[in-house]
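Single-structure report; data block below.
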Amino acid sequence: MTLKASAPILEVRNVSKTFGGLKAVTDFALELHKGDLQGLIGPNGAGKTTCFNLLTGVYRPDAGVGERIVLDGQSLVGLRPSRIAAQGLSRTFQNIRLFGELSVLDNVKLACHVRVTYSMLGGVLRTAGCLGQEAAITERAMELLRLFDLHDRAAEQGRHLPYGAQRRLEIARALATSPKVLLLDEPAAGMNPQEKVELAKLIRRVRDEFDVTILLIEHDMGLVMDICERITVLDYGRTIASGTPAHVQADPRVIQAYLGAVDDEPAPAAGGTHA
Amino acid sequence: MAWSLSSRASQLGPPAAWSLVRGVLPFLACVAVAILAQVILKPFLITTLGWDFAAKMIVDVGINIVLAVSLTLVNGFTGQFSIGHAAFMAVGGYTAAAIVYYGSYRIAGNPDLAGGVLSSMLVGREAPWFTPHDLLFLVAMLAGGVVAALCGYLVGLPSLRLKGDYLAIVTLGFGEIVRVLIQSQTGDVLYDPEEIAQTPAWKLAGSLGGSLGFSGLPFYTSFFWVYLLVLVTLLLAWRIKNSSYGRALISIREDEIASEAMGVDTTRFKIRAFVLSAFLAGCAGALFAHTVGVQLNAAELGFVKSFDIIIMVVLGGLGSISGAVIAAIILTILPEALRGVAEYRMVAYAVALIVMMLVRPKGLLGVHEVWERAAWDWLLGASKRKGAGR
Ligand SMILES: Nc1ncnc2c1ncn2[C@@H]1O[C@H](COP(=O)(O)OP(=O)(O)OP(=O)(O)O)[C@@H](O)[C@H]1O
Ligand SMILES: [Mg+2]
């Protein structure tokens with residue numbers, strides 16, 4: 001499906017982050033090719049979310065260690081998050097961060113802002129460009145809401161949505177920025193089994209229909225093993241394994257990390273129903 | 001990407017000529033309505049009904065609407081807590097006053113009102129429709145706005161690093177600095193035509209009356225100028241709120257991290273909000289300075305005035321344009337109606353603010369406009385909850 005010979009869409013090397021004395025992430029490296037659907041797993045506190053924050057510019061990687069984050073040929077190191085989003089890297093948040101007072105529709109429309117080309121003055125004068133783009137944005141946002149089965153609630157305030165719907169809205173919003181790479185931080189957290197099955201289908205569909213590359217953090221091993229083609233495992237900020245689900249599940253270091261580190265965390269093999 | 005905004009937009013967009021008409025016509029309508037207010041409503045109120053006081057109140061209400069709506073851009077939409085708004089008003093007011101006062105001397109040799117029908121609240125005055133002095137007043141008002149906007153830019157800069165209380169303290173400090181500088185560092189107002197003619201402009205700019213206030217200003221402010229500014233401000237705020245830029249501003253208030261992650265350059269937008277807000281407040285200050293019965297004095301444009309404006313924004317709803325308008329109307333008229341207990345005003349405001357923060361932290365209407373159902377959901381919701389309890 002993907003030509004591995006082609007240049008990666010996202011290439012990460014030597015990315016580390018230290019908080020005070022804590023090495024949250026050490027030498028993170030990653031290579032995503034167009035159309036990949038890759039998983040990023042690891043016990044609580046392993047540094048997964050920190051990796052996302054580093055990629056999206058919320059944190060700056062430790063400097064001077066040859067840190068490298070390249071999206072489709074463009075270096076992202078040192079850019080502010082809004083520029084990174086404009087370059088085509090979008091994300092969702094583990095602890096949902098919707099614009100609660102805005103309507104569900106406006107949440108998605110806001111995310112189209114990166115593609116807007118009319119000026120603020122154009123907005124005040126309601127130029128043809130402004131009206132056309134606003135119409136196109138509304139149309140696009142409704143399409144996305146329909147895909148995520150949220151169109152019936154378009155006018156509701158974001159904060160009034162049930163939990164599962166809020167998670168879906170976060171994905172819809174992230175997609176509205178027209179990303180090349182989409183980072184999903186525990187999209188299934190708090191969902192019931194039925195919702196998780198739907199979500200798995202949806203993530204695959206998004207990857208296929210939107211021509212987007214996906215990196216997914218998820219604790220639900222069933223889901224990860226089911227939909228991800230490759231998986232990277234973090235433990236204490238270090239990458240301890242990387243490969244196909246079967247390969248990763250069989251890795252003794254991974255089993256050790258899960259069984260040894262956190263008691264209530266299921267080992268990858270235990271939670272996974274698919275090989 | 002498969003979806004391209006620009007190509008889809010060009011398919012959906014209206015013809016350029018038609019949108020130009022639709023886009024600009026409302027601004028022309030603002031001018032027309034403002035003219036009608038001046039030539040029909042004003043004489044009707046003052047001459048026919050004899051309601052001089054009501055006419056004065058309508059001017060005050062208008063100026064306060066502009067102040068409240070402009071502050072809504074910063075405190076309401078963007079969620080930055082600025083408490084020095086009156087300082088922008090002072091900067092704009094003094095700038096415009098200096099231009100009008102000394103400009104009139106340079107042009108006519110005296111500072112007397114020489115505007116046309118559209119300027120001033122006087123009735124039965126013989127005057128042409130429009131005179132060069134009206135233009136001077138307009139230029140002065142815009143200059144007041146621009147100088148205030150520059151200050152807005154300077155105050156906006158720290159807002160990039162400071163949040164919440166810290167930003168509030170910076171804006172408060174800015175307000176006090178402006179007040180003190182004008183009061184203590186400016187010289188007496190000059191009134192000798194000879195002297196004024198010989199004094200260089202930069203020195204005139206420092207002769208603003210100091211602690212005595214800027215006396216002798218001509219009263220240009222009229223229904224026309226006030227409601228022109230009110231309507232343009234409302235149109236501006238409304239159109240911004242309903243554009244991608246308004247969503248961007250509000251998203252900063254809702255969640256700054258998510259806003260930035262979705263591609264909103266929060267730094268730039270905060271500055272923009274401050275600049276535009278200060279510009280409008282500066283224009284409002286220019287109108288305030290030239291209002292009948294006002295003696296421009298920085299002492300009156302300190303923290304207490306800023307607080308009056310904040311109360312309007314908070315009561316109306318942080319982000320609601322119509323809420324700010326309604327609150328501005330009520331809170332301008334109420335203190336006049338309750339003259340006897342006016343001294344308790346600040347106490348009442350403080351109590352209202354505390355109660356508000358406790359029961360309805362986002363203001364009566366929240367971000368919503370009066371005509372939107374969501375604005376009243378809380379009321380219905382509250383009554384429902386009460387019903388369930390019984
Ligand atoms: N801003 C910060 N300041 C200090 N320490 C931090 C900060 N952000 C994260 N950490 C620490 O870095 C480590 C990695 O945190 P991170 O949130 O990336 O873990 P995670 O893998 O996403 O865990 P979870 O599965 O619980 O979401 C943790 O020990 C955390 O306490
Ligand atoms: Mg996490």
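Identifiers in the structure tokens: chain A, B, ... in order shown; residue index from 1 per chain; ligand index from 1 in order shown.
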
Would you list which chain B residues are within 7 Å of chain A using only C-alpha atoms, as a PDB file with C-alpha atoms, in the first residue's frame?
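So the final result, stored in part_13.pdb, reads:
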```
ATOM      1  CA  MET B   1      -4.984  17.537   0.455  1.00  0.00           C
ATOM      2  CA  LEU B   5     -10.670  25.726   0.637  1.00  0.00           C
ATOM      3  CA  SER B   6      -9.923  28.220  -2.081  1.00  0.00           C
ATOM      4  CA  ARG B   8     -14.470  25.275  -3.128  1.00  0.00           C
ATOM      5  CA  ALA B   9     -14.825  28.870  -1.955  1.00  0.00           C
ATOM      6  CA  SER B  10     -14.712  30.220  -5.463  1.00  0.00           C
ATOM      7  CA  LEU B  12     -19.677  28.887  -3.433  1.00  0.00           C
ATOM      8  CA  GLY B  13     -18.809  32.572  -3.240  1.00  0.00           C
ATOM      9  CA  PRO B  14     -21.216  35.239  -4.523  1.00  0.00           C
ATOM     10  CA  PRO B  15     -20.241  37.501  -7.435  1.00  0.00           C
ATOM     11  CA  ALA B  16     -17.687  40.065  -6.307  1.00  0.00           C
ATOM     12  CA  SER B  19     -20.824  41.044  -2.224  1.00  0.00           C
ATOM     13  CA  LEU B  20     -19.227  44.487  -2.413  1.00  0.00           C
ATOM     14  CA  GLY B  23     -20.547  44.330   2.407  1.00  0.00           C
ATOM     15  CA  VAL B  24     -20.388  48.114   2.191  1.00  0.00           C
ATOM     16  CA  LEU B 236     -17.444  45.712  13.201  1.00  0.00           C
ATOM     17  CA  ARG B 239     -18.921  40.809  11.664  1.00  0.00           C
ATOM     18  CA  ILE B 240     -15.703  39.899  13.399  1.00  0.00           C
ATOM     19  CA  SER B 243     -16.004  35.385  10.888  1.00  0.00           C
ATOM     20  CA  SER B 244     -13.118  32.988  11.220  1.00  0.00           C
ATOM     21  CA  TYR B 245     -11.315  35.716  13.150  1.00  0.00           C
ATOM     22  CA  ARG B 247     -13.980  32.158  16.271  1.00  0.00           C
ATOM     23  CA  ALA B 248     -10.209  32.389  16.597  1.00  0.00           C
ATOM     24  CA  SER B 251     -11.158  29.920  20.981  1.00  0.00           C
ATOM     25  CA  GLU B 254     -11.974  28.820  25.681  1.00  0.00           C
ATOM     26  CA  ASP B 255      -8.674  26.963  25.589  1.00  0.00           C
ATOM     27  CA  ALA B 258      -6.092  23.878  21.890  1.00  0.00           C
ATOM     28  CA  GLU B 260      -2.818  27.315  19.215  1.00  0.00           C
ATOM     29  CA  ALA B 261      -2.750  23.610  18.323  1.00  0.00           C
ATOM     30  CA  MET B 262      -5.573  24.164  15.834  1.00  0.00           C
ATOM     31  CA  GLY B 263      -3.484  26.773  14.052  1.00  0.00           C
ATOM     32  CA  VAL B 264      -4.479  30.035  15.732  1.00  0.00           C
ATOM     33  CA  ASP B 265      -1.477  32.290  16.266  1.00  0.00           C
TER      34      ASP B 265
END
```

Close residues to ligand 1 using only C-alpha atoms and all ligand atoms, limit 9 Å, as a ChimeraX atom specification: /A:17-20,22-25,41-53,59,94-95,185-186,217-219,234-237

Atom CA of A:Ala246 to atom CA of A:Tyr258, straight-line distance in Å: 15.7 Å

Surrounding residues of B:Glu126 excluding itself and chain neighbours under 3 positions, 10 Å, only C-alpha atoms, as an mmCIF file with all heavy atoms, in the first residue's frame:
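Heads up, here's the output in result.cif:
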```cif
data_model
loop_
_atom_site.group_PDB
_atom_site.id
_atom_site.type_symbol
_atom_site.label_atom_id
_atom_site.label_comp_id
_atom_site.auth_asym_id
_atom_site.auth_seq_id
_atom_site.Cartn_x
_atom_site.Cartn_y
_atom_site.Cartn_z
ATOM 1 N N GLY B 116 -20.567 71.932 11.218
ATOM 2 C CA GLY B 116 -21.827 72.040 10.508
ATOM 3 C C GLY B 116 -22.985 71.496 11.322
ATOM 4 O O GLY B 116 -22.880 71.293 12.540
ATOM 5 N N VAL B 117 -24.079 71.225 10.623
ATOM 6 C CA VAL B 117 -25.307 70.758 11.260
ATOM 7 C C VAL B 117 -25.091 69.440 12.019
ATOM 8 O O VAL B 117 -25.708 69.193 13.046
ATOM 9 C CB VAL B 117 -26.390 70.564 10.175
ATOM 10 C CG1 VAL B 117 -27.625 69.901 10.755
ATOM 11 C CG2 VAL B 117 -26.743 71.892 9.543
ATOM 12 N N VAL B 123 -29.378 73.492 19.307
ATOM 13 C CA VAL B 123 -30.503 73.486 18.369
ATOM 14 C C VAL B 123 -30.709 74.883 17.812
ATOM 15 O O VAL B 123 -30.350 75.888 18.436
ATOM 16 C CB VAL B 123 -31.819 72.998 19.031
ATOM 17 C CG1 VAL B 123 -31.815 71.497 19.165
ATOM 18 C CG2 VAL B 123 -32.024 73.655 20.370
ATOM 19 N N TRP B 129 -24.196 72.185 6.066
ATOM 20 C CA TRP B 129 -24.198 70.758 6.372
ATOM 21 C C TRP B 129 -22.858 70.294 6.900
ATOM 22 O O TRP B 129 -22.772 69.535 7.844
ATOM 23 C CB TRP B 129 -24.566 69.947 5.124
ATOM 24 C CG TRP B 129 -26.038 69.768 5.019
ATOM 25 C CD1 TRP B 129 -26.893 70.546 4.293
ATOM 26 C CD2 TRP B 129 -26.827 68.789 5.682
ATOM 27 N NE1 TRP B 129 -28.169 70.110 4.459
ATOM 28 C CE2 TRP B 129 -28.166 69.017 5.306
ATOM 29 C CE3 TRP B 129 -26.536 67.742 6.551
ATOM 30 C CZ2 TRP B 129 -29.207 68.237 5.782
ATOM 31 C CZ3 TRP B 129 -27.575 66.968 7.015
ATOM 32 C CH2 TRP B 129 -28.899 67.222 6.633
#
```

Find the spatial neighbours of B:Met141, counting only C-alpha atoms, within a cut-off of 12 Å - ignore same-chain residues fewer than 6 positions away - and output them as a PDB file with N, CA, C and O atoms, in the first residue's frame.
```pdb
ATOM      1  N   MET B  89      -9.236  55.541  26.564  1.00  0.00           N
ATOM      2  CA  MET B  89     -10.188  56.623  26.383  1.00  0.00           C
ATOM      3  C   MET B  89      -9.491  57.960  26.644  1.00  0.00           C
ATOM      4  O   MET B  89      -9.647  58.927  25.884  1.00  0.00           O
ATOM      5  N   VAL B  91      -6.230  58.614  26.501  1.00  0.00           N
ATOM      6  CA  VAL B  91      -5.237  58.876  25.453  1.00  0.00           C
ATOM      7  C   VAL B  91      -5.926  59.422  24.196  1.00  0.00           C
ATOM      8  O   VAL B  91      -5.506  60.426  23.623  1.00  0.00           O
ATOM      9  N   GLY B  92      -6.993  58.746  23.782  1.00  0.00           N
ATOM     10  CA  GLY B  92      -7.726  59.196  22.599  1.00  0.00           C
ATOM     11  C   GLY B  92      -8.339  60.568  22.810  1.00  0.00           C
ATOM     12  O   GLY B  92      -8.301  61.434  21.927  1.00  0.00           O
ATOM     13  N   GLY B  93      -8.906  60.766  23.996  1.00  0.00           N
ATOM     14  CA  GLY B  93      -9.570  62.031  24.309  1.00  0.00           C
ATOM     15  C   GLY B  93      -8.601  63.198  24.272  1.00  0.00           C
ATOM     16  O   GLY B  93      -8.876  64.226  23.638  1.00  0.00           O
ATOM     17  N   TYR B  94      -7.485  63.046  24.926  1.00  0.00           N
ATOM     18  CA  TYR B  94      -6.505  64.137  24.976  1.00  0.00           C
ATOM     19  C   TYR B  94      -5.878  64.393  23.606  1.00  0.00           C
ATOM     20  O   TYR B  94      -5.634  65.532  23.234  1.00  0.00           O
ATOM     21  N   THR B  95      -5.608  63.319  22.878  1.00  0.00           N
ATOM     22  CA  THR B  95      -5.040  63.497  21.538  1.00  0.00           C
ATOM     23  C   THR B  95      -6.002  64.302  20.670  1.00  0.00           C
ATOM     24  O   THR B  95      -5.626  65.300  20.035  1.00  0.00           O
ATOM     25  N   ALA B  96      -7.262  63.869  20.658  1.00  0.00           N
ATOM     26  CA  ALA B  96      -8.255  64.554  19.836  1.00  0.00           C
ATOM     27  C   ALA B  96      -8.443  65.986  20.314  1.00  0.00           C
ATOM     28  O   ALA B  96      -8.548  66.923  19.504  1.00  0.00           O
ATOM     29  N   ALA B  97      -8.474  66.170  21.636  1.00  0.00           N
ATOM     30  CA  ALA B  97      -8.692  67.509  22.186  1.00  0.00           C
ATOM     31  C   ALA B  97      -7.591  68.463  21.732  1.00  0.00           C
ATOM     32  O   ALA B  97      -7.857  69.595  21.312  1.00  0.00           O
ATOM     33  N   ALA B  98      -6.346  67.982  21.804  1.00  0.00           N
ATOM     34  CA  ALA B  98      -5.227  68.840  21.395  1.00  0.00           C
ATOM     35  C   ALA B  98      -5.345  69.205  19.929  1.00  0.00           C
ATOM     36  O   ALA B  98      -5.127  70.364  19.543  1.00  0.00           O
ATOM     37  N   ILE B  99      -5.718  68.243  19.115  1.00  0.00           N
ATOM     38  CA  ILE B  99      -5.822  68.515  17.678  1.00  0.00           C
ATOM     39  C   ILE B  99      -6.959  69.488  17.389  1.00  0.00           C
ATOM     40  O   ILE B  99      -6.800  70.465  16.649  1.00  0.00           O
ATOM     41  N   VAL B 100      -8.112  69.252  18.007  1.00  0.00           N
ATOM     42  CA  VAL B 100      -9.268  70.117  17.744  1.00  0.00           C
ATOM     43  C   VAL B 100      -9.013  71.526  18.296  1.00  0.00           C
ATOM     44  O   VAL B 100      -9.217  72.530  17.600  1.00  0.00           O
ATOM     45  N   ASP B 134     -15.595  70.174  10.714  1.00  0.00           N
ATOM     46  CA  ASP B 134     -16.092  68.810  10.934  1.00  0.00           C
ATOM     47  C   ASP B 134     -15.018  67.805  10.547  1.00  0.00           C
ATOM     48  O   ASP B 134     -14.826  66.786  11.210  1.00  0.00           O
ATOM     49  N   LEU B 135     -14.346  68.132   9.457  1.00  0.00           N
ATOM     50  CA  LEU B 135     -13.281  67.256   8.992  1.00  0.00           C
ATOM     51  C   LEU B 135     -12.165  67.204  10.033  1.00  0.00           C
ATOM     52  O   LEU B 135     -11.623  66.137  10.342  1.00  0.00           O
ATOM     53  N   VAL B 147      -3.599  56.761  18.160  1.00  0.00           N
ATOM     54  CA  VAL B 147      -2.632  56.865  19.265  1.00  0.00           C
ATOM     55  C   VAL B 147      -3.011  55.866  20.365  1.00  0.00           C
ATOM     56  O   VAL B 147      -2.146  55.187  20.934  1.00  0.00           O
ATOM     57  N   ALA B 148      -4.296  55.760  20.638  1.00  0.00           N
ATOM     58  CA  ALA B 148      -4.738  54.777  21.639  1.00  0.00           C
ATOM     59  C   ALA B 148      -4.391  53.367  21.179  1.00  0.00           C
ATOM     60  O   ALA B 148      -3.979  52.522  21.982  1.00  0.00           O
ATOM     61  N   TYR B 220     -18.206  69.492  20.036  1.00  0.00           N
ATOM     62  CA  TYR B 220     -18.561  68.941  18.724  1.00  0.00           C
ATOM     63  C   TYR B 220     -19.463  67.714  18.819  1.00  0.00           C
ATOM     64  O   TYR B 220     -20.227  67.407  17.920  1.00  0.00           O
ATOM     65  N   THR B 221     -19.319  66.995  19.902  1.00  0.00           N
ATOM     66  CA  THR B 221     -19.994  65.698  20.005  1.00  0.00           C
ATOM     67  C   THR B 221     -21.507  65.831  19.854  1.00  0.00           C
ATOM     68  O   THR B 221     -22.136  66.674  20.492  1.00  0.00           O
ATOM     69  N   TRP B 225     -22.184  62.034  15.475  1.00  0.00           N
ATOM     70  CA  TRP B 225     -20.865  61.428  15.687  1.00  0.00           C
ATOM     71  C   TRP B 225     -20.947  60.218  16.616  1.00  0.00           C
ATOM     72  O   TRP B 225     -20.331  59.186  16.374  1.00  0.00           O
ATOM     73  N   VAL B 226     -21.732  60.355  17.684  1.00  0.00           N
ATOM     74  CA  VAL B 226     -21.808  59.257  18.650  1.00  0.00           C
ATOM     75  C   VAL B 226     -22.423  58.017  18.014  1.00  0.00           C
ATOM     76  O   VAL B 226     -21.866  56.920  18.094  1.00  0.00           O
ATOM     77  N   LEU B 229     -20.317  56.257  15.402  1.00  0.00           N
ATOM     78  CA  LEU B 229     -19.308  55.391  16.020  1.00  0.00           C
ATOM     79  C   LEU B 229     -19.952  54.147  16.637  1.00  0.00           C
ATOM     80  O   LEU B 229     -19.429  53.036  16.508  1.00  0.00           O
ATOM     81  N   PHE B 279      -8.296  51.180  19.835  1.00  0.00           N
ATOM     82  CA  PHE B 279      -8.656  52.162  18.805  1.00  0.00           C
ATOM     83  C   PHE B 279     -10.081  52.676  19.035  1.00  0.00           C
ATOM     84  O   PHE B 279     -10.326  53.881  19.057  1.00  0.00           O
ATOM     85  N   LEU B 280     -11.000  51.754  19.240  1.00  0.00           N
ATOM     86  CA  LEU B 280     -12.394  52.164  19.424  1.00  0.00           C
ATOM     87  C   LEU B 280     -12.557  52.958  20.718  1.00  0.00           C
ATOM     88  O   LEU B 280     -13.287  53.960  20.755  1.00  0.00           O
ATOM     89  N   ALA B 281     -11.858  52.537  21.775  1.00  0.00           N
ATOM     90  CA  ALA B 281     -11.939  53.282  23.036  1.00  0.00           C
ATOM     91  C   ALA B 281     -11.357  54.681  22.860  1.00  0.00           C
ATOM     92  O   ALA B 281     -11.868  55.656  23.436  1.00  0.00           O
ATOM     93  N   GLY B 282     -10.298  54.791  22.069  1.00  0.00           N
ATOM     94  CA  GLY B 282      -9.705  56.103  21.806  1.00  0.00           C
ATOM     95  C   GLY B 282     -10.689  57.019  21.082  1.00  0.00           C
ATOM     96  O   GLY B 282     -10.828  58.204  21.421  1.00  0.00           O
ATOM     97  N   CYS B 283     -11.385  56.461  20.100  1.00  0.00           N
ATOM     98  CA  CYS B 283     -12.409  57.243  19.392  1.00  0.00           C
ATOM     99  C   CYS B 283     -13.511  57.671  20.362  1.00  0.00           C
ATOM    100  O   CYS B 283     -13.980  58.818  20.333  1.00  0.00           O
ATOM    101  N   ALA B 284     -13.929  56.746  21.211  1.00  0.00           N
ATOM    102  CA  ALA B 284     -14.966  57.071  22.196  1.00  0.00           C
ATOM    103  C   ALA B 284     -14.469  58.166  23.131  1.00  0.00           C
ATOM    104  O   ALA B 284     -15.227  59.069  23.513  1.00  0.00           O
ATOM    105  N   GLY B 285     -13.189  58.114  23.484  1.00  0.00           N
ATOM    106  CA  GLY B 285     -12.602  59.146  24.341  1.00  0.00           C
ATOM    107  C   GLY B 285     -12.659  60.504  23.663  1.00  0.00           C
ATOM    108  O   GLY B 285     -12.925  61.524  24.314  1.00  0.00           O
ATOM    109  N   ALA B 286     -12.409  60.523  22.360  1.00  0.00           N
ATOM    110  CA  ALA B 286     -12.476  61.780  21.613  1.00  0.00           C
ATOM    111  C   ALA B 286     -13.877  62.368  21.687  1.00  0.00           C
ATOM    112  O   ALA B 286     -14.062  63.581  21.867  1.00  0.00           O
ATOM    113  N   LEU B 287     -14.876  61.508  21.565  1.00  0.00           N
ATOM    114  CA  LEU B 287     -16.259  61.992  21.648  1.00  0.00           C
ATOM    115  C   LEU B 287     -16.559  62.473  23.066  1.00  0.00           C
ATOM    116  O   LEU B 287     -17.192  63.516  23.263  1.00  0.00           O
ATOM    117  N   PHE B 288     -16.103  61.716  24.034  1.00  0.00           N
ATOM    118  CA  PHE B 288     -16.320  62.095  25.435  1.00  0.00           C
ATOM    119  C   PHE B 288     -15.734  63.476  25.711  1.00  0.00           C
ATOM    120  O   PHE B 288     -16.372  64.328  26.345  1.00  0.00           O
ATOM    121  N   ALA B 289     -14.521  63.724  25.187  1.00  0.00           N
ATOM    122  CA  ALA B 289     -13.826  64.986  25.467  1.00  0.00           C
ATOM    123  C   ALA B 289     -14.604  66.190  24.957  1.00  0.00           C
ATOM    124  O   ALA B 289     -14.518  67.278  25.525  1.00  0.00           O
ATOM    125  N   HIS B 290     -15.367  66.004  23.890  1.00  0.00           N
ATOM    126  CA  HIS B 290     -16.062  67.137  23.274  1.00  0.00           C
ATOM    127  C   HIS B 290     -17.555  67.127  23.545  1.00  0.00           C
ATOM    128  O   HIS B 290     -18.341  67.658  22.776  1.00  0.00           O
TER     129      HIS B 290
END
```

Nearby residues (only C-alpha atoms) at most 7 Å from stretch 299-316 of chain B, same-chain spacing under 3 positions excluded, as number ranges by chain: B: 67-68, 72, 83-87, 90, 175-176, 179, 320, 323-324, 326-328, 331, 363-365

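Across the structure, atom CA of B:Ala54 and atom CA of B:Ala32 are spaced 22.0 Å apart.
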
Closest of A:Pro8, A:Arg146, A:His247, A:Leu40 to ligand 2 - atom-to-atom distances counting only C-alpha atoms and all ligand atoms: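 Ranked by minimum distance to ligand 2, first place goes to A:Leu40.
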
Counting only C-alpha atoms and all ligand atoms, the residue of A:Pro187, A:Pro245, A:Pro252, A:Pro162 that sits nearest ligand 2: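 Of A:Pro187, A:Pro245, A:Pro252, A:Pro162, the one nearest ligand 2 is A:Pro187, counting only C-alpha atoms and all ligand atoms.
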
DSSP strand (DSSP E or B) residues within stretch 59-268 of chain A, as a PyMOL selection string: chain A and resi 68-71+74-75+89-91+103+157+181-185+213-217+230-235+238-243

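Near A:Glu229, within a cut-off of 8 Å and counting only C-alpha atoms, sit the residues Asp36, Leu37, Gln38, Gly39, Met225, Thr244 and Pro245 of chain A, with same-chain residues fewer than 3 positions away left out.
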